[in-house]
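Scroll down for the structure; my scribbles are underneath it.
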Amino acid sequence: APAPLTGSSGFLPGVCGVAVGYPLDTVKVRIQTEPKYTGIWHCVRDTYRRERVWGFYRGLSLPVCTVSLVSSVSFGTYRHCLAHVCRFRYGSADTKPAKMDITLSGFASGLVRVFLTSPTEVAKVRLQTQAQTQAQQRRPSALGPSAAPPTCPAPAVGRAPGPKYRGPLHCLASVAREEGLRGLYKGSSALLFRDGHSFATYFLSYAVLCEQLTPAGRSRPDVLGVLVAGGCAGVLAWAVATPMDVIKSRLQADGQGQRRYRGLLHCVVTSVREEGPRVLFKGLSLNCCRAFPVNMVVFVTYEAVLRLMQGLLP
């Protein structure tokens, strides 16, 4: 069974995925949490003008340091769960799984990764949004009375003008000290909804597309087939995930000042009431554009490492 190989084979795809997609992830988070941005290029220009290239990489070090664990757990959970389901239903882990088996295994993979990623997501979102928060605090009148309130209101007079968080570890320590353990898992309810359904879609669509793209007489698709299947699977997964991703980002960014949202449902209702239903799809086009190349790299690397390890092991 392939399951034992997948924990370690998930490391390199995860690192490649982060390297390819992080700048676009920063733009996505800022669009989702800031009503002032009218589109992708507006956010890109504003970020570059204020912070130059470094602004697109705020909070990068923490995902890079944790991606090996998260990616290994995600792919490993999926394959182990799939092997156990096949063994339970069909008597052998090597039996070809049904689509429902793949869906349930993908869903389990998404749920498990939430417990690992929630603290790092909080730190990442806070670091990605703190520069724009400071700009708003220095110009409290920049938004008119009829505009949507900022995610993080202006602090009390006397606060130091420097950044609140000096880096990922300082951010995690500050959140834990000021908001407790619950602060590190802020937005985890939205993250559960996002990752459960999106990872079920992710692995199912990849398996179905690989099956369709496999040439006759072969058991696996070629490299081009893996690239296409991986890219399309990423796009479909983010299409499912984007509404909860918007809510997750807003809940996690909400904590650098007076709290604005009381919970997931309140965040959904408030966001839709103030900005319309379209707010739930903010960043959708960016997510899809980012997902295709990132997941092409993720899956082609995953398949290559998996085949290499299978060739090395007896």
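Here's how to read the names in the structure tokens: chain A, B, ... by the order shown, residue numbers from 1 in each chain, ligand numbers from 1 in the order shown.
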*Considering only C-alpha atoms, return as an MDAnalysis selection string whatever protein or nucleic-acid residues lie within 12 Å of Phe115 of chain A, sequence-local ones (same chain, fewer than 6 positions apart) excluded.*
chainID A and resid 69:70 73:74 109 121 184:189 191:192 195
Selected residues, N, CA, C and O atoms, written as a tab-separated table (two decimals), in the first residue's frame, please.
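Output file result03.tsv follows:
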```
chain	number	residue	atom	x	y	z
A	69	LEU	N	5.40	19.82	7.84
A	69	LEU	CA	4.51	19.09	8.73
A	69	LEU	C	3.09	19.08	8.19
A	69	LEU	O	2.44	18.03	8.11
A	70	VAL	N	2.58	20.26	7.81
A	70	VAL	CA	1.20	20.38	7.35
A	70	VAL	C	0.97	19.57	6.08
A	70	VAL	O	-0.02	18.83	5.95
A	73	VAL	N	1.15	15.81	6.80
A	73	VAL	CA	-0.05	15.36	7.49
A	73	VAL	C	-1.24	15.31	6.53
A	73	VAL	O	-2.03	14.37	6.55
A	74	SER	N	-1.36	16.32	5.65
A	74	SER	CA	-2.50	16.37	4.72
A	74	SER	C	-2.49	15.18	3.76
A	74	SER	O	-3.47	14.43	3.66
A	109	SER	N	-8.81	14.56	5.64
A	109	SER	CA	-7.53	15.26	5.52
A	109	SER	C	-7.69	16.74	5.82
A	109	SER	O	-6.88	17.35	6.52
A	121	GLU	N	-2.14	30.32	10.49
A	121	GLU	CA	-3.00	31.16	9.66
A	121	GLU	C	-3.29	32.49	10.36
A	121	GLU	O	-3.32	33.54	9.72
A	184	LEU	N	-5.45	31.99	19.23
A	184	LEU	CA	-4.67	31.26	18.24
A	184	LEU	C	-5.54	30.40	17.33
A	184	LEU	O	-5.12	30.01	16.24
A	185	TYR	N	-6.75	30.10	17.79
A	185	TYR	CA	-7.68	29.30	16.98
A	185	TYR	C	-8.88	30.13	16.53
A	185	TYR	O	-9.93	29.58	16.23
A	186	LYS	N	-8.68	31.42	16.45
A	186	LYS	CA	-9.73	32.30	15.96
A	186	LYS	C	-9.99	32.00	14.50
A	186	LYS	O	-9.07	31.86	13.69
A	187	GLY	N	-11.26	31.88	14.14
A	187	GLY	CA	-11.61	31.57	12.76
A	187	GLY	C	-11.51	30.09	12.43
A	187	GLY	O	-11.69	29.71	11.26
A	188	SER	N	-11.24	29.25	13.43
A	188	SER	CA	-11.09	27.82	13.14
A	188	SER	C	-12.39	27.18	12.69
A	188	SER	O	-12.38	26.20	11.94
A	189	SER	N	-13.54	27.73	13.13
A	189	SER	CA	-14.82	27.18	12.67
A	189	SER	C	-14.98	27.39	11.16
A	189	SER	O	-15.38	26.48	10.43
A	191	LEU	N	-12.48	27.80	9.18
A	191	LEU	CA	-11.41	27.00	8.58
A	191	LEU	C	-11.85	25.54	8.43
A	191	LEU	O	-11.51	24.87	7.44
A	192	LEU	N	-12.60	25.04	9.41
A	192	LEU	CA	-13.13	23.67	9.32
A	192	LEU	C	-14.06	23.53	8.12
A	192	LEU	O	-13.96	22.57	7.34
A	195	ASP	N	-11.76	23.90	4.79
A	195	ASP	CA	-10.83	22.84	4.43
A	195	ASP	C	-11.51	21.48	4.27
A	195	ASP	O	-11.08	20.67	3.43
```
Any chance you could tabulate, as a tab-separated table, the residues of segment 149-240 of chain A at most 12 Å from segment 80-97 of chain A with each one's nearest atom pair and distance in Å to one decimal, using only C-alpha atoms, in chain and rising number order?
```
residue	atom	partner	partner_atom	distance
A:Ala200	CA	A:Leu82	CA	12.0
A:Phe203	CA	A:Leu82	CA	10.9
A:Leu204	CA	A:Pro97	CA	10.8
A:Ala207	CA	A:Pro97	CA	10.0
A:Val208	CA	A:Pro97	CA	11.3
A:Glu211	CA	A:Lys96	CA	11.4
A:Ser219	CA	A:Lys96	CA	11.3
```
Could you write out that same residue set with N, CA, C and O atoms as a compact mmCIF listing (two decimals), in the first residue's frame?
```txt
# COMPACT_ATOMS: atom_id res chain seq x y z
N ALA A 200 -12.05 17.61 0.17
CA ALA A 200 -12.83 16.54 -0.44
C ALA A 200 -12.93 16.77 -1.95
O ALA A 200 -12.73 15.85 -2.76
N PHE A 203 -9.13 16.28 -3.72
CA PHE A 203 -8.65 14.93 -4.02
C PHE A 203 -9.58 14.18 -4.96
O PHE A 203 -9.12 13.40 -5.80
N LEU A 204 -10.89 14.41 -4.84
CA LEU A 204 -11.83 13.74 -5.74
C LEU A 204 -11.63 14.20 -7.18
O LEU A 204 -11.55 13.39 -8.10
N ALA A 207 -8.40 12.81 -8.65
CA ALA A 207 -8.50 11.39 -9.00
C ALA A 207 -9.32 11.18 -10.27
O ALA A 207 -8.95 10.39 -11.15
N VAL A 208 -10.43 11.90 -10.38
CA VAL A 208 -11.30 11.75 -11.55
C VAL A 208 -10.58 12.24 -12.81
O VAL A 208 -10.62 11.58 -13.86
N GLU A 211 -7.86 9.87 -13.93
CA GLU A 211 -8.45 8.70 -14.59
C GLU A 211 -8.81 9.02 -16.04
O GLU A 211 -8.57 8.22 -16.95
N SER A 219 -1.47 2.76 -16.24
CA SER A 219 -2.16 2.88 -14.95
C SER A 219 -2.15 4.30 -14.41
O SER A 219 -2.92 4.63 -13.50
```
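The gap separating atom CA of Cys289 of chain A from atom CA of Arg30 of chain A is 16.1 Å, in Å to one decimal.
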Report as a Markdown table: every residue of segment 160-273 of chain A with an atom at most 12 Å from segment 301-311 of chain A, its closest pair of atoms, and their distance in Å to one decimal, counting only C-alpha atoms, with rows sorted by chain and ascending residue number.
```
| residue | atom | partner | partner_atom | distance |
| --- | --- | --- | --- | --- |
| A:Cys210 | CA | A:Glu303 | CA | 11.6 |
| A:Arg220 | CA | A:Glu303 | CA | 10.0 |
| A:Pro221 | CA | A:Glu303 | CA | 10.3 |
| A:Asp222 | CA | A:Glu303 | CA | 10.3 |
| A:Val223 | CA | A:Glu303 | CA | 9.0 |
| A:Gly225 | CA | A:Glu303 | CA | 11.4 |
| A:Val226 | CA | A:Glu303 | CA | 8.1 |
| A:Leu227 | CA | A:Thr301 | CA | 9.7 |
| A:Ala229 | CA | A:Glu303 | CA | 11.9 |
| A:Gly230 | CA | A:Tyr302 | CA | 10.2 |
```
Let's have the selection written as a PDB file, in the first residue's frame, with N, CA and C atoms.
```pdb
ATOM      1  N   CYS A 210      -7.316  12.520 -13.314  1.00  0.00           N
ATOM      2  CA  CYS A 210      -6.211  11.613 -13.630  1.00  0.00           C
ATOM      3  C   CYS A 210      -6.715  10.373 -14.374  1.00  0.00           C
ATOM      4  N   ARG A 220      -1.272   5.162 -14.961  1.00  0.00           N
ATOM      5  CA  ARG A 220      -1.167   6.542 -14.475  1.00  0.00           C
ATOM      6  C   ARG A 220      -1.039   7.495 -15.648  1.00  0.00           C
ATOM      7  N   PRO A 221      -1.426   8.744 -15.471  1.00  0.00           N
ATOM      8  CA  PRO A 221      -1.247   9.730 -16.541  1.00  0.00           C
ATOM      9  C   PRO A 221       0.212  10.134 -16.676  1.00  0.00           C
ATOM     10  N   ASP A 222       0.548  10.739 -17.816  1.00  0.00           N
ATOM     11  CA  ASP A 222       1.903  11.243 -17.992  1.00  0.00           C
ATOM     12  C   ASP A 222       2.059  12.573 -17.257  1.00  0.00           C
ATOM     13  N   VAL A 223       3.221  13.198 -17.384  1.00  0.00           N
ATOM     14  CA  VAL A 223       3.500  14.430 -16.650  1.00  0.00           C
ATOM     15  C   VAL A 223       2.504  15.532 -17.016  1.00  0.00           C
ATOM     16  N   GLY A 225      -0.531  15.178 -18.049  1.00  0.00           N
ATOM     17  CA  GLY A 225      -1.811  14.847 -17.435  1.00  0.00           C
ATOM     18  C   GLY A 225      -1.846  15.205 -15.955  1.00  0.00           C
ATOM     19  N   VAL A 226      -0.743  14.941 -15.247  1.00  0.00           N
ATOM     20  CA  VAL A 226      -0.655  15.286 -13.818  1.00  0.00           C
ATOM     21  C   VAL A 226      -0.709  16.801 -13.635  1.00  0.00           C
ATOM     22  N   LEU A 227      -0.011  17.541 -14.495  1.00  0.00           N
ATOM     23  CA  LEU A 227      -0.027  19.008 -14.417  1.00  0.00           C
ATOM     24  C   LEU A 227      -1.432  19.557 -14.597  1.00  0.00           C
ATOM     25  N   ALA A 229      -4.369  17.888 -14.335  1.00  0.00           N
ATOM     26  CA  ALA A 229      -5.260  17.407 -13.275  1.00  0.00           C
ATOM     27  C   ALA A 229      -5.011  18.149 -11.964  1.00  0.00           C
ATOM     28  N   GLY A 230      -3.741  18.347 -11.619  1.00  0.00           N
ATOM     29  CA  GLY A 230      -3.417  19.060 -10.383  1.00  0.00           C
ATOM     30  C   GLY A 230      -3.873  20.499 -10.413  1.00  0.00           C
TER      31      GLY A 230
END
```
*If you count only C-alpha atoms, which residues fall within 10 Å of segment 40-42 of chain A, apart from same-chain ones fewer than 3 positions away, as a list in words?*
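Residues meeting the cut-off are Leu24, Val27, Lys28, Arg30, Ile31, Lys36, Tyr37, Arg45, Asp46, Thr47, Lys282, Gly283, Ser285 and Leu286 of chain A.
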Take the selection from the previous step and output its residues with C-alpha atoms, as an mmCIF file, in the first residue's frame.
```
data_model
loop_
_atom_site.group_PDB
_atom_site.id
_atom_site.type_symbol
_atom_site.label_atom_id
_atom_site.label_comp_id
_atom_site.auth_asym_id
_atom_site.auth_seq_id
_atom_site.Cartn_x
_atom_site.Cartn_y
_atom_site.Cartn_z
ATOM 1 C CA LEU A 24 -0.693 36.216 -4.464
ATOM 2 C CA VAL A 27 -2.919 40.143 -2.135
ATOM 3 C CA LYS A 28 -5.876 37.791 -1.665
ATOM 4 C CA ARG A 30 -5.805 42.072 1.797
ATOM 5 C CA ILE A 31 -8.607 42.150 -0.773
ATOM 6 C CA LYS A 36 -10.998 49.954 0.180
ATOM 7 C CA TYR A 37 -9.464 47.786 -2.549
ATOM 8 C CA ARG A 45 -0.071 48.757 -6.784
ATOM 9 C CA ASP A 46 -0.922 50.020 -3.303
ATOM 10 C CA THR A 47 1.098 47.274 -1.589
ATOM 11 C CA LYS A 282 -13.814 38.356 -2.928
ATOM 12 C CA GLY A 283 -10.520 37.002 -4.154
ATOM 13 C CA SER A 285 -10.466 35.021 -9.408
ATOM 14 C CA LEU A 286 -7.136 35.494 -7.626
#
```
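Residues surrounding Gly55 of chain A within 12 Å are Tyr22, Pro23, Leu24, Asp25, Thr26, Val27, Arg30, Cys43, Val44, Arg45, Asp46, Thr47, Tyr48, Arg49, Arg50, Leu60, Leu127, Gln128, Thr129, Gln130, Ala131 and Gln132 of chain A [only C-alpha atoms; sequence separation below 5 positions excluded].
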*Point out the residue among A:Ala253, A:Val235, A:Val272, A:Val246 with the least atom-to-atom distance to Phe292 of chain A, counting only C-alpha atoms.*
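Of all the options, A:Val235 lies closest to Phe292 of chain A.
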*Go through segment 148-261 of chain A and collect every residue that DSSP, computed from the backbone, puts in helix (DSSP H, G or I); the answer should be as a VMD selection string.*
chain A and resid 168 to 184 188 to 213 223 to 253
*Separation of atom CA of Pro163 of chain A from atom CA of Arg52 of chain A, in Å and rounded to one decimal*: 16.3 Å
_Nearest to Val240 of chain A by atom-to-atom distance, counting only C-alpha atoms, from A:Leu172, A:Cys65, A:Leu280, A:Val29_ = A:Leu280
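Atom pair atom CA of Gly110 of chain A / atom CA of Tyr57 of chain A has a distance of 25.1 Å (rounded to one decimal).
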